[in-house]
>>> print(open('query19.txt').read())   # compact mmCIF, C-alpha atoms
# COMPACT_ATOMS: atom_id res chain seq x y z
CA MET A 1 53.73 101.03 51.52
CA THR A 2 53.81 99.90 55.09
CA LEU A 3 50.75 98.87 56.96
CA ALA A 4 50.18 101.03 60.04
CA LEU A 5 49.38 98.74 62.95
CA ASP A 6 48.68 99.86 66.47
CA LYS A 7 50.88 97.73 68.72
CA PRO A 8 51.49 95.04 66.08
CA ARG A 9 51.07 91.61 67.64
CA SER A 10 52.95 92.43 70.81
CA PRO A 11 51.34 90.75 73.78
CA ARG A 12 53.02 93.12 76.22
CA ARG A 13 54.28 96.63 75.95
CA PRO A 14 58.01 97.02 76.56
CA ALA A 15 58.95 97.46 80.21
CA ALA A 16 58.67 100.75 82.04
CA ARG A 17 60.29 103.75 80.48
CA ARG A 18 59.22 105.98 83.32
CA SER A 19 61.27 106.87 86.34
CA ASN A 20 61.34 104.49 89.28
CA PHE A 21 62.44 107.27 91.64
CA GLU A 22 59.31 107.24 93.80
CA LEU A 23 59.46 103.44 94.06
CA ALA A 24 63.13 103.58 95.06
CA SER A 25 62.55 106.30 97.64
CA TRP A 26 59.61 104.37 99.12
CA LEU A 27 61.71 101.23 99.34
CA PHE A 28 64.66 103.17 100.79
CA MET A 29 62.47 104.50 103.60
CA ARG A 30 61.52 100.95 104.63
CA ILE A 31 65.00 99.46 104.45
CA SER A 32 66.81 102.41 106.05
CA GLY A 33 64.13 102.48 108.74
CA ILE A 34 64.90 98.90 109.72
CA ALA A 35 68.64 99.54 109.64
CA LEU A 36 68.24 102.69 111.74
CA ILE A 37 66.36 100.80 114.46
CA VAL A 38 69.49 98.69 115.00
CA LEU A 39 72.00 101.51 114.48
CA VAL A 40 70.27 104.18 116.58
CA LEU A 41 69.13 101.92 119.43
CA GLY A 42 72.64 100.41 119.56
CA HIS A 43 74.14 103.89 119.59
CA LEU A 44 71.82 105.08 122.36
CA PHE A 45 72.53 101.94 124.41
CA ILE A 46 76.29 102.36 124.16
CA MET A 47 76.24 106.11 124.77
CA ASN A 48 73.66 106.33 127.55
CA ILE A 49 73.43 103.01 129.38
CA LEU A 50 76.59 100.93 129.09
CA ASP A 51 79.44 101.49 131.62
CA GLY A 52 78.14 104.58 133.42
CA GLY A 53 76.45 106.02 130.38
CA VAL A 54 76.76 109.59 129.24
CA HIS A 55 79.10 110.67 132.10
CA ARG A 56 82.10 108.79 130.76
CA ILE A 57 81.90 110.45 127.31
CA ASN A 58 84.82 112.77 126.70
CA PHE A 59 87.39 113.42 124.01
CA ALA A 60 89.34 110.27 124.88
CA PHE A 61 86.21 108.16 124.69
CA VAL A 62 85.38 109.44 121.19
CA ALA A 63 89.01 109.11 120.11
CA GLY A 64 89.06 105.53 121.36
CA ARG A 65 85.91 104.60 119.51
CA TRP A 66 86.90 106.23 116.23
CA SER A 67 90.25 104.48 116.23
CA SER A 68 88.28 101.43 115.18
CA PRO A 69 87.02 101.35 111.56
CA PHE A 70 83.94 99.42 112.78
CA TRP A 71 82.65 102.33 114.87
CA GLN A 72 83.64 104.79 112.15
CA MET A 73 81.51 102.85 109.67
CA TRP A 74 78.70 102.51 112.24
CA ASP A 75 78.57 106.26 112.74
CA LEU A 76 78.97 106.96 109.04
CA ALA A 77 76.10 104.62 108.16
CA MET A 78 73.96 106.18 110.87
CA LEU A 79 74.75 109.68 109.62
CA TRP A 80 73.93 108.97 105.98
CA LEU A 81 70.90 106.77 106.54
CA ALA A 82 69.36 109.07 109.17
CA GLU A 83 70.01 112.22 107.14
CA ILE A 84 68.61 110.83 103.88
CA HIS A 85 65.74 109.06 105.64
CA GLY A 86 64.76 112.26 107.45
CA GLY A 87 65.39 114.41 104.39
CA ASN A 88 63.26 112.19 102.19
CA GLY A 89 60.52 112.27 104.80
CA LEU A 90 60.63 116.07 104.83
CA ARG A 91 60.56 116.05 101.01
CA THR A 92 57.25 114.17 101.13
CA VAL A 93 55.94 116.53 103.79
CA ILE A 94 56.87 119.51 101.58
CA ASN A 95 55.19 117.84 98.58
CA ASP A 96 52.07 117.29 100.67
CA TYR A 97 51.78 120.68 102.28
CA ALA A 98 53.39 123.32 100.04
CA ARG A 99 50.58 124.89 98.05
CA LYS A 100 52.51 127.05 95.61
CA ASP A 101 55.17 125.75 93.23
CA THR A 102 57.60 128.51 94.22
CA THR A 103 57.17 127.73 97.93
CA ARG A 104 57.73 124.07 97.24
CA PHE A 105 60.84 124.82 95.17
CA TRP A 106 62.52 127.04 97.76
CA LEU A 107 61.66 124.75 100.69
CA LYS A 108 63.24 121.88 98.80
CA VAL A 109 66.32 123.95 97.95
CA MET A 110 66.74 124.73 101.67
CA LEU A 111 66.23 121.08 102.54
CA TYR A 112 68.73 119.75 100.00
CA VAL A 113 71.36 122.38 100.87
CA SER A 114 71.07 121.57 104.57
CA MET A 115 71.28 117.85 103.83
CA VAL A 116 74.43 118.26 101.75
CA LEU A 117 76.03 120.50 104.42
CA ILE A 118 75.30 118.09 107.27
CA LEU A 119 76.38 115.01 105.30
CA PHE A 120 79.59 116.74 104.23
CA LEU A 121 80.42 118.05 107.69
CA GLY A 122 79.66 114.76 109.41
CA SER A 123 81.61 112.65 106.93
CA TYR A 124 84.48 115.13 107.02
CA VAL A 125 84.75 114.86 110.81
CA ILE A 126 84.55 111.07 110.83
CA PHE A 127 87.25 110.67 108.18
CA THR A 128 89.67 113.38 109.28
CA PHE A 129 89.31 113.03 113.06
CA ASP A 130 92.75 113.40 114.60
CA ALA A 131 93.14 111.86 118.04
CA THR A 132 96.56 113.45 118.54
CA ILE A 133 95.41 117.07 118.77
CA PRO A 134 95.58 118.29 122.36
CA ALA A 135 92.33 117.83 124.23
CA ASN A 136 91.40 120.77 126.45
CA MET B 1 8.25 140.94 99.11
CA THR B 2 6.71 137.98 97.36
CA ALA B 3 9.77 137.43 95.20
CA THR B 4 11.94 136.76 98.24
CA VAL B 5 9.34 134.48 99.77
CA SER B 6 8.94 132.34 96.66
CA GLU B 7 12.71 132.20 96.26
CA LYS B 8 13.16 130.82 99.76
CA ALA B 9 10.18 128.48 99.87
CA GLY B 10 10.47 124.80 99.10
CA SER B 11 9.59 123.37 95.75
CA ARG B 12 6.61 121.30 96.96
CA GLY B 13 4.48 123.85 98.77
CA ASP B 14 3.12 123.56 102.32
CA LEU B 15 4.81 121.62 105.12
CA PRO B 16 3.57 118.03 105.38
CA PRO B 17 2.11 116.77 108.71
CA VAL B 18 4.73 115.74 111.24
CA PRO B 19 4.59 111.94 111.72
CA ASP B 20 4.23 110.33 115.14
CA GLY B 21 7.52 109.67 116.90
CA ALA B 22 9.40 112.36 114.99
CA VAL B 23 12.08 114.38 116.76
CA THR B 24 13.36 117.76 115.69
CA VAL B 25 16.88 117.59 114.35
CA ALA B 26 19.08 120.63 113.80
CA LEU B 27 20.53 120.13 110.34
CA LYS B 28 23.63 122.31 109.94
CA VAL B 29 24.49 122.60 106.27
CA LEU B 30 27.64 124.24 104.88
CA ARG B 31 26.21 126.34 102.07
CA PHE B 32 27.84 128.29 99.27
CA ASN B 33 26.22 130.29 96.54
CA PRO B 34 28.91 131.50 94.12
CA GLU B 35 26.71 134.41 93.00
CA VAL B 36 26.35 135.84 96.51
CA ASP B 37 28.85 134.34 98.94
CA SER B 38 32.59 134.87 99.00
CA GLU B 39 33.00 132.16 101.65
CA PRO B 40 30.97 129.07 102.55
CA ARG B 41 28.60 129.67 105.47
CA TRP B 42 26.74 127.42 107.91
CA GLU B 43 22.96 127.44 107.85
CA THR B 44 20.82 125.54 110.33
CA PHE B 45 17.42 124.04 109.51
CA ASN B 46 15.15 122.46 112.10
CA VAL B 47 13.74 119.34 110.51
CA PRO B 48 11.32 116.76 111.96
CA ALA B 49 12.90 113.35 111.54
CA LEU B 50 12.02 109.76 112.29
CA PRO B 51 14.83 107.54 113.60
CA THR B 52 14.35 105.39 110.48
CA ASP B 53 14.84 108.34 108.13
CA ARG B 54 17.97 108.59 106.08
CA VAL B 55 19.99 111.82 106.08
CA LEU B 56 18.92 112.23 102.45
CA ASN B 57 15.27 112.46 103.64
CA LEU B 58 16.22 115.44 105.80
CA LEU B 59 17.88 117.16 102.86
CA HIS B 60 14.78 116.46 100.77
CA TYR B 61 12.63 117.96 103.50
CA VAL B 62 14.70 121.14 103.43
CA LYS B 63 14.69 121.37 99.64
CA TRP B 64 11.01 120.49 99.21
CA TYR B 65 9.45 122.43 102.09
CA ILE B 66 11.86 124.99 103.54
CA ASP B 67 14.41 126.26 101.02
CA GLY B 68 14.26 125.15 97.40
CA THR B 69 17.64 126.70 96.67
CA LEU B 70 19.51 124.00 98.60
CA THR B 71 21.59 122.20 95.99
CA PHE B 72 22.85 118.63 96.15
CA ARG B 73 23.18 115.58 93.91
CA ARG B 74 21.15 112.44 94.31
CA SER B 75 19.78 109.98 91.86
CA CYS B 76 18.84 106.47 92.94
CA ALA B 77 18.77 107.28 96.68
CA HIS B 78 19.59 103.65 97.50
CA GLY B 79 23.38 103.54 97.66
CA ILE B 80 23.90 102.31 94.10
CA CYS B 81 24.52 105.36 91.93
CA GLY B 82 27.01 107.08 94.23
CA SER B 83 25.71 110.61 93.63
CA ASP B 84 25.14 111.85 97.16
CA ALA B 85 28.55 111.57 98.76
CA MET B 86 28.96 114.26 101.42
CA GLN B 87 30.52 114.86 104.81
CA VAL B 88 28.02 113.75 107.45
CA ASN B 89 29.21 114.80 110.91
CA GLY B 90 32.70 115.20 109.47
CA VAL B 91 33.08 111.84 107.76
CA ASN B 92 32.43 110.98 104.12
CA ARG B 93 29.23 109.02 103.69
CA LEU B 94 26.42 108.55 101.17
CA ALA B 95 23.50 110.55 102.58
CA CYS B 96 21.13 107.79 101.42
CA LYS B 97 22.91 105.14 103.49
CA VAL B 98 23.10 106.92 106.88
CA LEU B 99 20.13 106.53 109.21
CA VAL B 100 19.11 109.28 111.61
CA LYS B 101 18.92 106.80 114.52
CA ASP B 102 22.68 106.26 114.25
CA LEU B 103 23.31 110.00 114.62
CA MET B 104 20.92 110.63 117.55
CA ALA B 105 22.33 112.43 120.57
CA LYS B 106 22.48 110.39 123.79
CA GLY B 107 19.71 110.90 126.35
CA ASP B 108 17.48 113.94 125.99
CA LYS B 109 20.07 116.18 124.36
CA PRO B 110 18.99 117.81 121.10
CA THR B 111 20.35 116.11 117.99
CA SER B 112 22.40 118.13 115.56
CA ILE B 113 23.76 116.81 112.26
CA THR B 114 26.38 118.64 110.21
CA ILE B 115 26.43 118.30 106.44
CA ALA B 116 29.28 119.63 104.30
CA PRO B 117 30.43 119.01 100.73
CA ILE B 118 33.15 116.42 100.18
CA LYS B 119 36.60 117.96 100.55
CA GLY B 120 39.29 118.56 97.96
CA LEU B 121 37.05 119.20 94.94
CA PRO B 122 35.89 122.67 93.87
CA VAL B 123 32.44 123.50 95.27
CA ASN B 124 29.98 124.65 92.59
CA LYS B 125 27.07 125.32 94.90
CA ASP B 126 26.14 124.11 98.41
CA LEU B 127 26.83 120.35 98.43
CA LEU B 128 27.42 120.12 94.69
CA VAL B 129 31.09 119.74 93.81
CA ASP B 130 32.87 119.68 90.48
CA MET B 131 33.70 116.00 89.91
CA GLU B 132 35.89 116.69 86.88
CA PRO B 133 39.32 116.42 88.64
CA PHE B 134 38.14 113.14 90.17
CA MET B 135 37.03 111.79 86.77
CA GLU B 136 40.27 112.97 85.15
CA ALA B 137 42.26 110.81 87.58
CA PHE B 138 39.87 107.92 86.90
CA LYS B 139 40.35 108.22 83.14
CA ALA B 140 44.11 108.51 83.51
CA VAL B 141 44.46 104.90 84.69
CA LYS B 142 42.69 103.55 81.56
CA PRO B 143 39.73 101.86 83.26
CA PHE B 144 38.79 99.62 80.33
CA LEU B 145 39.83 96.23 78.96
CA ILE B 146 43.10 96.37 77.03
CA THR B 147 44.06 93.38 74.88
CA TYR B 148 46.46 92.83 72.00
CA GLY B 149 46.45 90.41 69.13
CA ASN B 150 43.48 88.85 67.39
CA GLU B 151 40.14 88.87 69.07
CA PRO B 152 39.02 85.46 70.22
CA THR B 153 36.08 83.91 68.39
CA ARG B 154 34.40 83.01 71.66
CA GLU B 155 34.10 84.63 75.07
CA ARG B 156 37.21 85.33 77.11
CA VAL B 157 37.01 82.55 79.67
CA GLN B 158 38.03 83.22 83.27
CA SER B 159 38.15 80.82 86.18
CA ALA B 160 36.24 81.56 89.37
CA ALA B 161 39.55 81.89 91.23
CA ASP B 162 40.86 84.45 88.72
CA ARG B 163 37.62 86.39 89.01
CA GLU B 164 37.87 86.34 92.81
CA ARG B 165 41.30 88.01 92.62
CA PHE B 166 39.84 91.44 91.81
CA ASP B 167 36.28 90.95 93.03
CA ASP B 168 36.55 93.53 95.82
CA THR B 169 37.50 96.38 93.51
CA THR B 170 34.67 95.72 91.03
CA LYS B 171 32.28 97.07 93.67
CA CYS B 172 33.34 100.70 93.19
CA ILE B 173 30.53 103.14 92.29
CA LEU B 174 32.77 106.21 91.82
CA CYS B 175 31.07 108.20 94.56
CA ALA B 176 34.41 109.87 95.51
CA CYS B 177 33.97 109.19 99.24
CA CYS B 178 37.42 107.59 99.44
CA THR B 179 39.33 110.04 97.27
CA THR B 180 37.94 113.10 99.06
CA SER B 181 38.69 111.59 102.48
CA CYS B 182 42.38 111.26 101.59
CA PRO B 183 44.62 113.94 103.16
CA VAL B 184 47.10 113.61 100.29
CA PHE B 185 44.36 114.27 97.72
CA TRP B 186 43.29 117.48 99.50
CA ASN B 187 46.46 119.07 98.16
CA GLU B 188 45.19 119.58 94.67
CA GLY B 189 46.81 117.98 91.67
CA SER B 190 49.28 115.91 93.64
CA TYR B 191 47.71 112.45 93.75
CA PHE B 192 45.47 110.25 91.59
CA GLY B 193 43.51 109.34 94.70
CA PRO B 194 42.24 106.00 96.02
CA ALA B 195 39.28 105.62 93.62
CA ALA B 196 41.48 105.78 90.51
CA ILE B 197 43.87 103.21 92.01
CA VAL B 198 40.95 100.93 92.95
CA ASN B 199 39.74 101.01 89.35
CA ALA B 200 43.25 100.40 88.04
CA HIS B 201 43.51 97.45 90.46
CA ARG B 202 40.28 96.05 89.00
CA PHE B 203 42.01 95.69 85.58
CA ILE B 204 45.62 95.08 86.66
CA PHE B 205 44.57 91.89 88.44
CA ASP B 206 42.10 90.78 85.76
CA SER B 207 43.52 87.69 84.02
CA ARG B 208 41.84 88.71 80.71
CA ASP B 209 43.49 92.13 80.60
CA GLU B 210 46.90 92.81 79.03
CA GLY B 211 47.33 96.47 79.95
CA ALA B 212 48.75 95.91 83.43
CA GLU B 213 52.21 97.22 82.47
CA GLU B 214 50.77 100.48 81.15
CA ARG B 215 48.65 101.06 84.23
CA LEU B 216 51.47 100.14 86.61
CA ASP B 217 53.71 102.63 84.78
CA ILE B 218 51.12 105.35 85.27
CA LEU B 219 50.72 104.52 88.98
CA ASN B 220 54.50 104.36 89.46
CA ASP B 221 54.69 108.10 88.79
CA ALA B 222 55.12 110.87 91.34
CA GLU B 223 51.31 111.24 91.60
CA GLY B 224 50.80 107.47 91.89
CA VAL B 225 50.59 104.85 94.61
CA TRP B 226 53.78 105.93 96.38
CA ARG B 227 51.96 109.03 97.69
CA CYS B 228 49.69 106.75 99.74
CA ARG B 229 50.36 107.14 103.51
CA THR B 230 48.14 104.21 104.53
CA THR B 231 45.94 106.37 106.75
CA PHE B 232 42.98 104.06 106.01
CA ASN B 233 40.59 107.03 105.64
CA CYS B 234 39.56 105.60 102.27
CA THR B 235 38.74 102.14 103.61
CA ASP B 236 36.75 103.75 106.41
CA ALA B 237 34.85 106.00 104.03
CA CYS B 238 33.93 103.46 101.33
CA PRO B 239 30.14 102.91 101.34
CA ARG B 240 30.63 99.64 99.45
CA GLY B 241 33.04 98.25 102.03
CA ILE B 242 35.92 97.94 99.57
CA GLN B 243 39.29 97.35 101.25
CA VAL B 244 40.69 100.39 99.44
CA THR B 245 43.99 100.69 101.30
CA LYS B 246 44.64 96.98 100.78
CA ALA B 247 44.06 97.37 97.04
CA ILE B 248 46.59 100.24 96.93
CA GLN B 249 49.15 98.13 98.77
CA GLU B 250 48.59 95.28 96.31
CA VAL B 251 49.39 97.65 93.45
CA LYS B 252 52.56 98.73 95.29
CA ARG B 253 53.52 95.08 95.68
CA ALA B 254 52.88 94.43 91.99
CA LEU B 255 55.19 97.34 91.15
CA LEU B 256 57.91 96.06 93.47
CA PHE B 257 57.92 92.48 92.23
CA ARG B 258 56.85 92.78 88.61
CA ARG B 259 60.20 91.95 87.04
>>> encode(input="query19.txt", output="structure tokens")
Amino acid sequence: MTLALDKPRSPRRPAARRSNFELASWLFMRISGIALIVLVLGHLFIMNILDGGVHRINFAFVAGRWSSPFWQMWDLAMLWLAEIHGGNGLRTVINDYARKDTTRFWLKVMLYVSMVLILFLGSYVIFTFDATIPAN
Amino acid sequence: MTATVSEKAGSRGDLPPVPDGAVTVALKVLRFNPEVDSEPRWETFNVPALPTDRVLNLLHYVKWYIDGTLTFRRSCAHGICGSDAMQVNGVNRLACKVLVKDLMAKGDKPTSITIAPIKGLPVNKDLLVDMEPFMEAFKAVKPFLITYGNEPTRERVQSAADRERFDDTTKCILCACCTTSCPVFWNEGSYFGPAAIVNAHRFIFDSRDEGAEERLDILNDAEGVWRCRTTFNCTDACPRGIQVTKAIQEVKRALLFRR
């Protein structure tokens, strides 16, 4: 016969078995936010202020930038971080404001579908951009 | 009809004499009688008030001498029991800790004070809300000493510095001012609320307690501390001056760095 003991002589319960998703998403918002300050402000500075600003942007300008893997990665990081940062923010807004479970579910479905579409389209363009097609 | 008259009259008979220096205050109360009303409605009472009166005195005046059906909670009336939390001029306060002189209109303008039940909990009648959802969240964080192993043969000793660590959160009186001032809590069932986290903090940072992991797990959930938006409504509302938002951030930090 075994003796039934509640928590037998264990000073601490084993570590968390629950999900750390909310913790991770909270942390992601802070870190991506800091990264986006650099990425977005840098992007705006290059696009709008440096060397005549927005007026010099044309197909050749984009083609020139994306010939460098550095700017490809810059834009890719900006795309993913901004999209997930904004999407996660909207997820919290939906959680806060949607009153019915069905409303919340469908709003989130719309949000996630739009996020996947934008991330796919943006990444697709960055990776398959062809500078040799004729610019009109 | 005498029935109607006796129903409306206060519980203590005739109006008392108006004291010297009293001004008439328009007390606008958000009332709700579930047997009659489908929606809450505003009712205004003109009440003579001294600047040194507390808002609770005005409610007493209404209940005792004007309309005995006005329903609200109060027990000690001195800011200790935490029964009379309500919205006074739109912010959560204990009615027994707000003085009329602090709500007086400037100059000769007539003073009007609005009283409404605390938000986010079901209203039973007038200013009386159902505290059960609030208490459920409180119970969920296990607000009691958890220890494992053999009980010590003498008291559990704690240094003054260890006691100081959670001193602020021992002051909570569970009045629900903080929780019902939180915009995230207003969406029902989505958040434990500041008061539950304050009471979890009180044990998580207690050197004698061994249940910190359990409580942190509970607060790590979707309804836990990560829903906090640091709007500081709770810190502003707390009648005991607890730094509620700070306590919530300390729990977040404990979750981030616990391993």
>>> atom_distance(input="query19.txt", atom1="atom CA of B:Glu39", atom2="atom CA of B:Trp186")
18.1 Å
>>> interface_residues(input="query19.txt", of="chain B", to="chain A", cutoff="10 Å", atoms="only C-alpha atoms", output="NGL selection string")
:B and (147-150 or 183-188 or 190-191 or 210-214 or 216-218 or 220-227 or 252 or 255-256 or 258-259)
>>> residues_around(input="query19.txt", residues="stretch 61-64 of chain B", least_positions_apart="4", cutoff="6 Å", atoms="all atoms listed in the file", output="mmCIF file with C-alpha atoms, keeping the file's coordinate frame")
data_model
loop_
_atom_site.group_PDB
_atom_site.id
_atom_site.type_symbol
_atom_site.label_atom_id
_atom_site.label_comp_id
_atom_site.auth_asym_id
_atom_site.auth_seq_id
_atom_site.Cartn_x
_atom_site.Cartn_y
_atom_site.Cartn_z
ATOM 1 C CA GLY B 10 10.470 124.800 99.100
ATOM 2 C CA SER B 11 9.590 123.370 95.750
ATOM 3 C CA ARG B 12 6.610 121.300 96.960
ATOM 4 C CA GLY B 68 14.260 125.150 97.400
ATOM 5 C CA LEU B 70 19.510 124.000 98.600
#
>>> atom_distance(input="query19.txt", atom1="atom CA of B:Arg73", atom2="atom CA of B:Leu128")
6.3 Å
>>> residues_around(input="query19.txt", residues="stretch 97-109 of chain B", least_positions_apart="2", cutoff="9 Å", atoms="all atoms listed in the file", output="number ranges by chain")
B: 25, 49-56, 58, 77-79, 88-89, 93-95, 111-113, 239
>>> atom_distance(input="query19.txt", atom1="atom CA of B:Cys238", atom2="atom CA of B:Asp162")
23.8 Å
>>> residues_near_point(input="query19.txt", point="(37.4, 98.6, 100.1)", cutoff="12 Å", atoms="all atoms listed in the file", output="VMD selection string")
chain B and resid 166 to 173 177 to 179 194 to 195 197 to 199 201 to 202 232 to 249
>>> closest_residue(input="query19.txt", among="B:Gly82, B:Arg208, B:Gly21, B:Leu27", to="B:Arg156", atoms="all atoms listed in the file")
B:Arg208
>>> residues_near_point(input="query19.txt", point="(14.8, 120.0, 117.1)", cutoff="8 Å", atoms="all atoms listed in the file", output="compact mmCIF listing (two decimals) with C-alpha atoms, keeping the file's coordinate frame")
# COMPACT_ATOMS: atom_id res chain seq x y z
CA VAL B 23 12.08 114.38 116.76
CA THR B 24 13.36 117.76 115.69
CA VAL B 25 16.88 117.59 114.35
CA ALA B 26 19.08 120.63 113.80
CA ASN B 46 15.15 122.46 112.10
CA VAL B 47 13.74 119.34 110.51
CA PRO B 48 11.32 116.76 111.96
CA PRO B 110 18.99 117.81 121.10
CA THR B 111 20.35 116.11 117.99
CA SER B 112 22.40 118.13 115.56
>>> residues_around(input="query19.txt", residues="stretch 108-110 of chain A", least_positions_apart="3", cutoff="10 Å", atoms="only C-alpha atoms", output="MDAnalysis selection string")
chainID A and resid 87 90:91 94:95 102:105 113:115
>>> residues_around(input="query19.txt", residues="A:Leu36", least_positions_apart="3", cutoff="12 Å", atoms="only C-alpha atoms", output="JSON, numbers by chain")
{"A": [28, 29, 30, 31, 32, 33, 39, 40, 41, 42, 43, 44, 74, 75, 76, 77, 78, 79, 80, 81, 82, 83, 84, 85, 86]}
>>> closest_residue(input="query19.txt", among="A:Arg65, A:Tyr124, A:Leu111, A:Ile133", to="A:Ile46", atoms="all atoms listed in the file")
A:Arg65
>>> build_atoms(input="query19.txt", residues="stretch 64-75 of chain A", atoms="N, CA and C atoms", output="mmCIF file, keeping the file's coordinate frame")
data_model
loop_
_atom_site.group_PDB
_atom_site.id
_atom_site.type_symbol
_atom_site.label_atom_id
_atom_site.label_comp_id
_atom_site.auth_asym_id
_atom_site.auth_seq_id
_atom_site.Cartn_x
_atom_site.Cartn_y
_atom_site.Cartn_z
ATOM 1 N N GLY A 64 88.917 106.980 121.258
ATOM 2 C CA GLY A 64 89.060 105.530 121.360
ATOM 3 C C GLY A 64 88.121 104.795 120.428
ATOM 4 N N ARG A 65 86.895 105.269 120.382
ATOM 5 C CA ARG A 65 85.910 104.600 119.510
ATOM 6 C C ARG A 65 86.281 104.756 118.043
ATOM 7 N N TRP A 66 86.646 105.992 117.659
ATOM 8 C CA TRP A 66 86.900 106.230 116.230
ATOM 9 C C TRP A 66 88.255 105.709 115.754
ATOM 10 N N SER A 67 89.027 105.132 116.698
ATOM 11 C CA SER A 67 90.250 104.480 116.230
ATOM 12 C C SER A 67 89.905 103.143 115.579
ATOM 13 N N SER A 68 88.703 102.685 115.799
ATOM 14 C CA SER A 68 88.280 101.430 115.180
ATOM 15 C C SER A 68 87.436 101.711 113.930
ATOM 16 N N PRO A 69 87.798 101.122 112.793
ATOM 17 C CA PRO A 69 87.020 101.350 111.560
ATOM 18 C C PRO A 69 85.572 100.887 111.707
ATOM 19 N N PHE A 70 85.314 99.904 112.601
ATOM 20 C CA PHE A 70 83.940 99.420 112.780
ATOM 21 C C PHE A 70 83.027 100.531 113.264
ATOM 22 N N TRP A 71 83.492 101.258 114.325
ATOM 23 C CA TRP A 71 82.650 102.330 114.870
ATOM 24 C C TRP A 71 82.592 103.516 113.924
ATOM 25 N N GLN A 72 83.683 103.735 113.167
ATOM 26 C CA GLN A 72 83.640 104.790 112.150
ATOM 27 C C GLN A 72 82.536 104.498 111.134
ATOM 28 N N MET A 73 82.515 103.236 110.675
ATOM 29 C CA MET A 73 81.510 102.850 109.670
ATOM 30 C C MET A 73 80.105 102.884 110.266
ATOM 31 N N TRP A 74 80.001 102.459 111.547
ATOM 32 C CA TRP A 74 78.700 102.510 112.240
ATOM 33 C C TRP A 74 78.176 103.945 112.235
ATOM 34 N N ASP A 75 79.014 104.870 112.671
ATOM 35 C CA ASP A 75 78.570 106.260 112.740
ATOM 36 C C ASP A 75 78.323 106.848 111.362
#
